[in-house]
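> TSV, C-alpha atoms, file work_34.tsv:
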chain	number	residue	atom	x	y	z
I	19	MET	CA	127.61	98.06	76.19
I	20	ARG	CA	130.57	95.86	75.31
I	21	LEU	CA	130.31	94.25	78.70
I	22	TRP	CA	126.70	93.38	78.02
I	23	ARG	CA	127.65	91.86	74.65
I	24	ASN	CA	130.33	89.74	76.25
I	25	VAL	CA	127.77	88.04	78.45
I	26	PRO	CA	126.82	84.65	76.95
I	27	LYS	CA	123.57	84.71	74.97
I	28	SER	CA	121.78	82.19	77.16
I	29	LEU	CA	122.47	84.29	80.23
I	30	ARG	CA	121.26	87.40	78.44
I	31	THR	CA	117.96	85.77	77.51
I	32	ALA	CA	117.58	84.49	81.03
I	33	LEU	CA	118.11	87.98	82.39
I	34	TYR	CA	115.73	89.45	79.83
I	35	TRP	CA	112.91	87.09	80.80
I	36	SER	CA	113.63	87.11	84.53
I	37	PRO	CA	110.81	89.57	85.40
I	38	THR	CA	108.19	87.14	84.11
I	39	ALA	CA	109.85	84.27	85.91
I	40	LEU	CA	110.06	86.23	89.16
I	41	CYS	CA	106.43	87.29	88.96
I	42	LEU	CA	105.31	83.73	88.34
I	43	ALA	CA	107.46	82.41	91.16
I	44	HIS	CA	106.06	85.06	93.43
I	45	SER	CA	102.42	84.38	92.65
I	46	ILE	CA	102.54	80.61	92.72
I	47	SER	CA	105.38	79.59	94.98
I	48	ILE	CA	106.72	76.25	96.12
I	49	LYS	CA	107.94	76.33	99.68
I	50	GLN	CA	109.21	73.96	102.29
I	51	ILE	CA	107.32	73.99	105.55
I	52	SER	CA	109.62	74.07	108.53
I	53	GLY	CA	108.74	73.48	112.14
I	54	ARG	CA	106.48	70.80	113.48
I	55	SER	CA	104.41	73.11	115.58
I	56	MET	CA	102.53	74.85	112.82
I	57	GLN	CA	99.86	72.57	111.47
I	58	GLN	CA	100.36	69.29	113.26
I	59	PRO	CA	99.22	66.71	112.27
I	60	THR	CA	98.03	67.92	108.87
I	61	LEU	CA	101.47	69.11	107.80
I	62	ASN	CA	104.84	67.82	108.98
I	63	PRO	CA	103.34	65.03	111.12
I	64	ASP	CA	105.60	63.25	113.59
I	65	SER	CA	105.44	60.08	111.51
I	66	SER	CA	107.08	61.82	108.55
I	67	ILE	CA	110.85	61.96	108.27
I	68	TRP	CA	110.78	64.69	105.63
I	69	LYS	CA	109.69	68.26	105.76
I	70	ASP	CA	106.60	68.86	103.68
I	71	ILE	CA	106.84	70.88	100.48
I	72	ALA	CA	103.73	72.61	99.22
I	73	ILE	CA	102.49	74.94	96.53
I	74	PHE	CA	101.09	78.25	97.73
I	75	ASP	CA	98.85	80.46	95.68
I	76	ARG	CA	98.50	84.23	95.95
I	77	ILE	CA	96.39	84.86	92.87
I	78	THR	CA	93.05	83.12	93.36
I	79	PRO	CA	92.35	84.70	96.79
I	80	LEU	CA	92.53	88.09	95.09
I	81	PHE	CA	90.23	87.44	92.18
I	82	MET	CA	88.34	84.16	92.31
I	83	ARG	CA	87.91	82.59	95.71
I	84	PRO	CA	88.37	84.77	98.79
I	85	TYR	CA	89.78	83.22	101.93
I	86	GLN	CA	87.31	80.91	103.62
I	87	ARG	CA	86.99	79.08	106.88
I	88	GLY	CA	89.14	75.95	106.87
I	89	ASP	CA	91.75	77.25	104.41
I	90	ILE	CA	95.38	76.69	105.33
I	91	VAL	CA	97.15	80.00	104.80
I	92	THR	CA	100.51	81.65	105.32
I	93	VAL	CA	100.35	84.69	107.55
I	94	ARG	CA	103.00	87.30	108.34
I	95	SER	CA	103.54	86.97	112.07
I	96	PRO	CA	101.96	89.88	113.93
I	97	THR	CA	104.66	89.79	116.58
I	98	ASP	CA	107.66	89.49	114.27
I	99	PRO	CA	107.42	90.97	110.74
I	100	GLU	CA	110.27	88.79	109.51
I	101	ARG	CA	108.52	85.50	110.23
I	102	THR	CA	105.75	83.78	108.33
I	103	LEU	CA	103.35	81.40	110.02
I	104	ILE	CA	101.20	78.71	108.50
I	105	LYS	CA	97.79	78.32	110.12
I	106	ARG	CA	94.22	77.43	109.43
I	107	ILE	CA	91.50	80.06	109.17
I	108	VAL	CA	88.96	79.22	111.84
I	109	ALA	CA	86.66	82.22	111.71
I	110	LEU	CA	86.08	85.21	109.48
I	111	GLU	CA	84.95	88.72	110.34
I	112	GLY	CA	81.79	88.89	112.37
I	113	ASP	CA	81.98	85.29	113.58
I	114	ILE	CA	81.90	84.48	117.26
I	115	VAL	CA	84.60	82.04	118.33
I	116	GLU	CA	84.76	79.92	121.43
I	117	THR	CA	88.42	80.33	122.35
I	118	ARG	CA	90.99	77.86	123.61
I	119	PRO	CA	93.01	78.07	126.84
I	120	PRO	CA	95.72	80.75	126.42
I	121	CYS	CA	93.03	83.26	125.52
I	122	ALA	CA	91.62	85.15	128.49
I	123	GLU	CA	88.05	85.52	127.27
I	124	PRO	CA	85.79	82.52	126.69
I	125	GLU	CA	84.22	83.98	123.57
I	126	VAL	CA	85.51	86.50	121.06
I	127	GLU	CA	83.77	88.24	118.22
I	128	VAL	CA	86.09	88.72	115.27
I	129	PRO	CA	86.10	92.42	114.29
I	130	PRO	CA	85.54	93.49	110.66
I	131	GLY	CA	88.65	93.11	108.51
I	132	TYR	CA	90.14	90.54	110.86
I	133	ILE	CA	90.28	86.73	110.92
I	134	TRP	CA	90.86	84.12	113.61
I	135	ILE	CA	93.67	81.67	112.86
I	136	GLU	CA	94.65	78.52	114.72
I	137	GLY	CA	96.95	75.56	114.42
I	138	ASP	CA	95.27	72.18	114.40
I	139	GLU	CA	96.52	71.03	117.79
I	140	SER	CA	96.04	73.66	120.43
I	141	PHE	CA	98.92	72.63	122.70
I	142	ARG	CA	101.54	73.01	120.00
I	143	THR	CA	100.92	76.36	118.39
I	144	ASN	CA	101.02	80.07	118.96
I	145	ASP	CA	97.91	81.32	117.27
I	146	SER	CA	95.04	83.74	117.65
I	147	ASN	CA	94.40	82.38	121.12
I	148	LEU	CA	97.68	84.00	122.11
I	149	PHE	CA	97.79	87.18	120.01
I	150	GLY	CA	94.12	87.65	119.18
I	151	PRO	CA	92.51	88.06	115.76
I	152	VAL	CA	94.85	89.16	112.97
I	153	PRO	CA	94.16	91.63	110.12
I	154	LEU	CA	93.25	89.97	106.85
I	155	GLY	CA	95.97	92.09	105.26
I	156	LEU	CA	98.62	89.92	106.91
I	157	VAL	CA	97.47	86.81	105.06
I	158	GLU	CA	99.77	86.17	102.12
I	159	SER	CA	98.82	82.98	100.31
I	160	ARG	CA	96.78	79.82	100.48
I	161	LEU	CA	98.14	76.30	100.49
I	162	VAL	CA	96.68	74.49	97.50
I	163	PHE	CA	98.78	71.40	96.91
I	164	LEU	CA	101.22	69.21	98.79
I	165	VAL	CA	104.00	67.99	96.52
I	166	TRP	CA	106.16	66.15	99.04
I	167	PRO	CA	106.15	63.57	100.62
I	168	LEU	CA	104.63	61.43	97.90
I	169	ASP	CA	102.25	59.45	100.10
I	170	ARG	CA	100.30	62.59	101.01
I	171	ILE	CA	100.53	64.27	97.61
I	172	GLY	CA	97.52	66.32	96.61
I	173	SER	CA	95.44	68.98	98.27
I	174	PRO	CA	95.34	68.44	102.03
I	175	SER	CA	92.00	66.72	102.46
I	176	ILE	CA	90.82	63.85	104.61
I	177	SER	CA	90.66	60.47	102.91
I	178	VAL	CA	89.14	57.66	104.94
I	179	PRO	CA	90.50	54.22	104.04
I	180	GLN	CA	88.04	51.33	103.71
I	181	ASP	CA	89.93	49.08	106.07
I	182	ARG	CA	89.14	49.84	109.72
I	183	THR	CA	92.28	48.10	110.96
I	184	ASN	CA	94.50	50.42	108.95
I	185	PRO	CA	96.25	52.96	111.24
I	186	ALA	CA	95.45	55.62	108.66
I	187	TYR	CA	91.76	55.03	109.41
I	188	ARG	CA	92.23	56.08	112.99
I	189	LEU	CA	94.13	59.19	111.92
I	190	ALA	CA	91.43	60.14	109.43
I	191	MET	CA	88.71	59.68	112.06
I	192	ASP	CA	90.73	61.85	114.40
I	193	GLN	CA	90.96	64.55	111.76
I	194	ILE	CA	87.23	64.43	111.08
I	195	GLN	CA	86.59	64.75	114.80
I	196	ARG	CA	88.89	67.75	114.98
I	197	GLU	CA	87.19	69.43	112.07
I	198	ARG	CA	83.79	68.90	113.64
I	199	SER	CA	84.90	70.37	116.93
I	200	ARG	CA	86.43	73.31	115.09
I	201	GLN	CA	83.19	74.01	113.30
I	202	SER	CA	81.15	73.61	116.45
I	203	ARG	CA	83.21	76.29	118.17
I	204	ILE	CA	82.18	79.11	115.88
I	205	ILE	CA	78.92	80.91	115.38
I	206	PRO	CA	79.08	82.22	111.80
I	207	ALA	CA	78.22	85.84	111.16
I	208	VAL	CA	74.66	86.32	110.05
I	209	ALA	CA	74.22	88.15	106.78
I	210	GLN	CA	72.68	91.53	107.51
I	211	PRO	CA	69.09	91.73	106.29
I	212	PRO	CA	68.64	94.48	103.70
I	213	GLY	CA	67.55	97.81	105.09
E	253	MET	CA	113.12	77.24	76.97
E	254	PHE	CA	110.68	80.09	77.44
E	255	HIS	CA	112.72	82.09	74.97
E	256	ALA	CA	112.70	79.24	72.47
E	257	LEU	CA	108.94	79.04	72.76
E	258	CYS	CA	108.39	82.72	72.37
E	259	SER	CA	110.98	84.24	70.13
E	260	TYR	CA	110.35	82.58	66.78
E	261	CYS	CA	106.60	82.50	66.66
E	262	THR	CA	103.70	84.89	66.66
E	263	LEU	CA	103.71	84.99	70.45
E	264	ASN	CA	106.90	87.01	70.50
E	265	LEU	CA	105.32	90.42	70.88
E	266	PRO	CA	102.67	89.48	73.51
E	267	CYS	CA	105.36	87.73	75.52
E	268	LYS	CA	107.51	90.82	75.47
E	269	VAL	CA	104.59	92.98	76.52
E	270	VAL	CA	103.81	90.65	79.44
E	271	ASN	CA	107.47	90.64	80.36
E	272	THR	CA	107.56	94.43	80.42
E	273	PHE	CA	104.43	94.52	82.58
E	274	CYS	CA	106.08	92.11	84.99
E	275	LEU	CA	109.20	94.26	85.14
E	276	VAL	CA	107.16	97.37	85.88
E	277	HIS	CA	105.15	95.48	88.49
E	278	LEU	CA	108.33	94.29	90.21
E	279	ILE	CA	109.81	97.79	90.25
E	280	PHE	CA	106.56	99.27	91.58
E	281	GLU	CA	106.23	96.56	94.20
E	282	TYR	CA	109.77	96.35	95.51
E	283	ILE	CA	111.62	99.56	94.65
E	284	GLY	CA	109.28	102.49	94.48
E	285	ARG	CA	106.48	104.15	92.62
E	286	PRO	CA	104.52	107.32	92.20
E	287	SER	CA	101.11	107.06	93.78
E	288	PRO	CA	98.18	109.42	94.02
E	289	MET	CA	96.97	110.32	97.48
E	290	ALA	CA	93.47	111.21	98.47
E	291	GLY	CA	91.77	111.75	101.76
E	292	LEU	CA	91.61	114.20	104.60
E	293	SER	CA	93.60	112.25	107.15
E	294	MET	CA	97.09	113.56	106.36
E	295	LEU	CA	96.27	117.26	106.16
E	296	PRO	CA	98.13	119.59	106.28
E	297	THR	CA	101.17	117.54	105.27
E	298	LEU	CA	99.49	116.14	102.18
E	299	ALA	CA	96.63	117.76	100.32
E	300	SER	CA	93.26	116.06	100.41
E	301	GLU	CA	93.19	115.57	96.65
E	302	GLY	CA	95.45	115.74	93.62
E	303	GLU	CA	98.53	114.93	95.63
E	304	ILE	CA	101.15	112.69	94.09
E	305	VAL	CA	103.95	111.21	96.14
E	306	ILE	CA	106.88	108.91	95.48
E	307	GLU	CA	106.64	105.82	97.62
E	308	ASP	CA	109.84	104.12	98.66
E	309	ARG	CA	109.22	100.41	98.93
E	310	LEU	CA	112.82	99.30	99.30
E	311	THR	CA	114.58	100.87	102.23
E	312	TYR	CA	112.09	100.02	104.97
E	313	ARG	CA	113.01	96.38	104.47
E	314	PHE	CA	116.63	97.06	105.44
E	315	TRP	CA	116.53	100.05	107.75
E	316	PRO	CA	113.98	100.05	110.54
E	317	ILE	CA	111.03	102.42	110.45
E	318	GLN	CA	111.48	105.45	112.67
E	319	ARG	CA	109.13	107.66	114.59
E	320	GLY	CA	107.90	110.47	112.40
E	321	ASP	CA	108.12	108.55	109.12
E	322	ILE	CA	105.07	108.67	106.91
E	323	VAL	CA	104.27	105.13	105.83
E	324	THR	CA	101.76	103.50	103.55
E	325	LEU	CA	100.14	100.36	104.85
E	326	LYS	CA	97.29	97.98	104.27
E	327	SER	CA	94.37	99.10	106.33
E	328	PRO	CA	93.70	96.64	109.17
E	329	LEU	CA	90.00	97.26	108.66
E	330	ASP	CA	89.98	96.49	104.95
E	331	PRO	CA	92.92	94.66	103.30
E	332	ASN	CA	92.11	96.12	99.89
E	333	ARG	CA	92.63	99.69	101.03
E	334	ILE	CA	96.03	101.32	101.30
E	335	VAL	CA	96.23	104.08	103.85
E	336	CYS	CA	98.93	106.61	104.62
E	337	LYS	CA	99.75	107.59	108.18
E	338	ARG	CA	102.57	108.85	110.36
E	339	VAL	CA	104.43	106.52	112.71
E	340	PHE	CA	104.09	107.74	116.27
E	341	GLY	CA	105.34	104.85	118.36
E	342	LEU	CA	107.63	101.86	117.97
E	343	PRO	CA	107.61	98.57	119.89
E	344	GLY	CA	108.13	99.15	123.60
E	345	ASP	CA	107.02	102.80	123.58
E	346	THR	CA	104.34	104.01	125.94
E	347	ILE	CA	101.78	106.06	124.08
E	348	CYS	CA	98.96	108.22	125.27
E	349	VAL	CA	95.99	106.98	123.27
E	350	ASP	CA	94.40	110.36	122.71
E	351	PRO	CA	95.74	113.45	124.49
E	352	THR	CA	92.63	115.41	123.54
E	353	GLY	CA	90.42	112.89	125.27
E	354	SER	CA	87.89	112.74	122.46
E	355	MET	CA	88.27	109.09	121.50
E	356	ALA	CA	89.64	107.72	124.77
E	357	PRO	CA	90.23	109.19	128.21
E	358	SER	CA	93.34	111.35	128.01
E	359	THR	CA	94.93	109.42	130.87
E	360	GLU	CA	94.78	106.10	129.03
E	361	HIS	CA	98.24	104.86	128.01
E	362	VAL	CA	99.28	101.84	125.96
E	363	VAL	CA	102.59	99.99	125.78
E	364	ILE	CA	103.15	98.96	122.17
E	365	PRO	CA	103.75	95.20	121.90
E	366	ARG	CA	106.58	93.53	120.01
E	367	GLY	CA	106.36	93.80	116.22
E	368	HIS	CA	103.72	96.52	116.33
E	369	ILE	CA	103.68	100.26	115.65
E	370	TRP	CA	101.38	103.11	116.56
E	371	ILE	CA	100.14	105.18	113.63
E	372	CYS	CA	98.21	108.42	113.48
E	373	GLY	CA	97.01	110.74	110.77
E	374	ASP	CA	98.25	114.32	110.96
E	375	ASN	CA	94.68	115.53	110.78
E	376	ALA	CA	93.44	113.99	113.99
E	377	ALA	CA	89.85	115.02	113.49
E	378	PHE	CA	89.45	113.17	110.20
E	379	SER	CA	91.58	110.10	110.67
E	380	ARG	CA	90.84	106.52	111.55
E	381	ASP	CA	94.06	105.29	113.03
E	382	SER	CA	95.59	103.56	116.03
E	383	ARG	CA	93.43	105.59	118.37
E	384	GLU	CA	90.56	103.55	117.01
E	385	TYR	CA	92.04	100.12	116.33
E	386	GLY	CA	95.11	100.10	118.54
E	387	PRO	CA	98.71	99.24	117.65
E	388	ILE	CA	99.03	97.49	114.28
E	389	PRO	CA	101.45	94.76	113.14
E	390	MET	CA	104.54	96.10	111.40
E	391	ALA	CA	104.05	93.53	108.63
E	392	LEU	CA	101.17	95.61	107.27
E	393	VAL	CA	103.57	98.38	106.26
E	394	GLU	CA	104.10	98.51	102.50
E	395	GLY	CA	106.31	101.50	101.96
E	396	LYS	CA	107.54	104.85	103.09
E	397	LEU	CA	106.88	108.24	101.56
E	398	ALA	CA	110.10	109.54	100.06
E	399	TYR	CA	109.17	112.61	98.04
E	400	ARG	CA	106.15	114.73	97.48
E	401	VAL	CA	105.48	115.76	93.92
E	402	SER	CA	103.68	119.09	93.93
E	403	ALA	CA	99.94	118.77	93.86
E	404	THR	CA	98.89	118.41	90.23
E	405	HIS	CA	95.50	119.86	89.58
E	406	CYS	CA	95.41	122.26	92.46
E	407	PRO	CA	95.43	125.82	91.17
E	408	SER	CA	97.55	127.51	93.79
E	409	PRO	CA	100.75	126.34	95.43
E	410	ARG	CA	99.31	127.49	98.73
E	411	ASN	CA	96.50	125.01	98.43
E	412	ASN	CA	97.78	123.06	101.40
E	413	VAL	CA	97.74	126.11	103.60
E	414	SER	CA	94.10	126.82	102.94
E	415	HIS	CA	93.30	123.18	103.44
E	416	SER	CA	95.09	123.10	106.76
E	417	GLY	CA	93.12	126.13	107.84
E	418	MET	CA	89.93	124.30	107.03
E	419	ALA	CA	91.06	121.17	108.80
E	420	THR	CA	92.02	122.88	112.00
E	421	LYS	CA	88.80	124.81	111.94
E	422	THR	CA	86.83	121.58	111.92
E	423	LEU	CA	89.10	120.13	114.58
E	424	TYR	CA	88.41	123.18	116.65
E	425	GLN	CA	84.70	122.83	116.15
E	426	ILE	CA	84.69	119.22	117.16
E	427	LEU	CA	87.01	119.36	120.13
E	428	LYS	CA	86.40	122.71	121.76
E	429	PRO	CA	83.11	124.24	120.74
E	430	HIS	CA	83.26	127.60	122.47
E	431	ASP	CA	86.04	128.46	124.83
E	432	VAL	CA	89.19	128.66	122.65
E	433	PRO	CA	89.71	131.14	119.83
E	434	GLU	CA	90.29	129.57	116.44
E	435	LEU	CA	93.72	131.06	115.84
E	436	GLU	CA	95.13	129.60	118.99
E	437	ILE	CA	94.05	126.09	118.11
E	438	THR	CA	95.56	126.45	114.64
E	439	GLN	CA	98.87	127.40	116.16
E	440	VAL	CA	98.85	124.62	118.65
E	441	HIS	CA	98.02	122.11	115.97
E	442	CYS	CA	100.77	123.31	113.65
E	443	VAL	CA	103.42	123.57	116.34
E	444	LYS	CA	102.73	120.03	117.32
E	445	LEU	CA	103.21	118.92	113.74
E	446	THR	CA	106.45	120.72	113.11
E	447	GLU	CA	107.94	119.66	116.42
E	448	TYR	CA	107.34	116.01	115.73
E	449	PRO	CA	109.40	113.80	115.91
E	450	PRO	CA	110.93	114.74	119.29
Please express what this file holds, its structure, as structure tokens.


Amino acid sequence: MRLWRNVPKSLRTALYWSPTALCLAHSISIKQISGRSMQQPTLNPDSSIWKDIAIFDRITPLFMRPYQRGDIVTVRSPTDPERTLIKRIVALEGDIVETRPPCAEPEVEVPPGYIWIEGDESFRTNDSNLFGPVPLGLVESRLVFLVWPLDRIGSPSISVPQDRTNPAYRLAMDQIQRERSRQSRIIPAVAQPPG
Amino acid sequence: MFHALCSYCTLNLPCKVVNTFCLVHLIFEYIGRPSPMAGLSMLPTLASEGEIVIEDRLTYRFWPIQRGDIVTLKSPLDPNRIVCKRVFGLPGDTICVDPTGSMAPSTEHVVIPRGHIWICGDNAAFSRDSREYGPIPMALVEGKLAYRVSATHCPSPRNNVSHSGMATKTLYQILKPHDVPELEITQVHCVKLTEYPP
């Protein structure tokens, strides 16, 4: 007891309130994204000299907005429980996906409770095309906001500049193209008619 | 700062309540907790209802899971469900999918890939496990069963025994309709359970 009283008051208050702080930090976390292979070129593009830092959210997927196609999410790696991957959800349960090269079958139906995740550029990533659909239970959080670098701050969306000569225009067009091709590769699950 | 905001105003008490909730949540999530168990799949080790166990959520992060451990994990079929199964195989093991041949040919074997485990319920007849969905990623594991608190609202301490009798009876009915006497199957089933892990 005397030991506890000898601890400075500020430290004691910090310790007392640490559970709240830890819970908050766990539910809405700021993390640095390492590795260029994950979500090229949406995150950590070659042109950037910094590693991206982003805010990840674990709360809203539970209560408000379930994971949807197109979300960028962190996933516990199915082949190595220690590692966390960052990928984009391409298809949800019941969808039929046209797969990319490393996958043996040309078309895969995602089983119930599973999702299909991919990196944005097929030649750079290890994704569902390699290890197949992953259980939704492995998904941890959703990327909601990029905080660093400053020129791409905000939620990762595509902004098309007015000026066609701007190199960013070409990049944006490329991204739109990629998104279209991603959407064209899936046949969404049909809602079961009642009865 | 948080303290300064909270301590000298009317928010003091709510803040403390939230803080306590957070502490309890952290302990339950990362150290251990009592949890009720329900379901037929772990008979006769755990009763089908009214069973309370102490989950250990700490040690599996530091010491690897072993064959024979009973683990709790997020169901690969539904992420909102927590299921409880026994670990049968670790990465690299070769596993016979179903020795009884009811869900797969009894000659079918699987090598468990890296980072995956093979899980099975003790009550094979009433369990959806790796025999159905294959090896599952280790990252789905949430904890290990450490202790079993005696079943709460079960009248007799031998509740589990009677349950196991029922379970094996149904197993017997499903697997071998006519040719094996019931007692024999019960013995085989139980011997298998007590022998495991090898």

> Hey, which of E:Asn264, E:Asn332, E:Ser382, E:Asn271 ends up closest to Trp35 of chain I? Count only C-alpha atoms.

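Nearest candidate to Trp35 of chain I out of E:Asn264, E:Asn332, E:Ser382, E:Asn271: E:Asn271.
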
> With 8 Å as the limit and counting all atoms listed in the file, what residues in chain I lie close to chain E? Please list them as a list in words.

Thr31, Trp35, Pro37, Thr38, Cys41, Arg94, Ser95, Pro96, Thr97, Asp98, Pro99, Glu100, Pro130, Gly131, Tyr132, Pro153, Leu154, Gly155 and Leu156 of chain I

> Quick one: distance from atom CA of Asn144 of chain I to atom CA of Gly395 of chain E in Å, one decimal?

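Between atom CA of Asn144 of chain I and atom CA of Gly395 of chain E the gap works out to 27.9 Å.
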
> Find the residue from I:Ile48, I:Val115, I:Leu189, I:Ala109 that sits nearest to Gly88 of chain I; use only C-alpha atoms when measuring.

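Among I:Ile48, I:Val115, I:Leu189, I:Ala109, it is I:Ala109 that comes nearest to Gly88 of chain I.
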
> List the neighbours of Ala290 of chain E out to 8 Å using only C-alpha atoms; skip same-chain residues closer than 4 positions along the sequence, and give me the result as a list in words.

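Near neighbours after the sequence-gap exclusion: Ala299, Ser300, Glu301, Gly302 and Glu303 of chain E.
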
> So what do you get for atom CA of Glu111 of chain I versus atom CA of Ile133 of chain I, distance-wise?

5.7 Å

> Could you please determine the separation between atom CA of Val349 of chain E and atom CA of Ala377 of chain E in Å, to one decimal place?

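Value for the atom CA of Val349 of chain E-atom CA of Ala377 of chain E distance: 14.1 Å.
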
> Set the distance at 10 Å and use only C-alpha atoms: which residues neighbour segment 84-86 of chain I once local chain neighbours fewer than 4 positions away are removed? I'd like the list as a list in words.

Ile77, Thr78, Pro79, Leu80, Ile90, Val91, Arg106, Ile107, Val108, Ala109, Leu110, Ile133, Leu154, Val157, Ser159 and Arg160 of chain I

> Could you tell me which of E:Thr352, E:Val335, E:Leu298, E:Ile304 comes closest to Arg380 of chain E if we count all atoms listed in the file?

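The answer is E:Val335, which sits nearest to Arg380 of chain E.
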
> Please tell me which residues are no farther than 10 Å from (110.3, 103.9, 111.3) in the file, counting only C-alpha atoms, and write them as a list in words.

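Checking each residue against the 10 Å limit leaves Tyr312, Trp315, Pro316, Ile317, Gln318, Arg319, Gly320, Asp321, Ile322, Val323, Arg338, Val339, Phe340, Gly341, Leu342, Ile369, Met390 and Lys396 of chain E.
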
> For segment 137-139 of chain I, please output as a VMD selection string all residues within 10 Å (counting all atoms listed in the file; exclusion window: fewer than 5 positions along the same chain).

chain I and resid 55 to 61 90 103 to 108 144 to 147 193 196 to 197 200
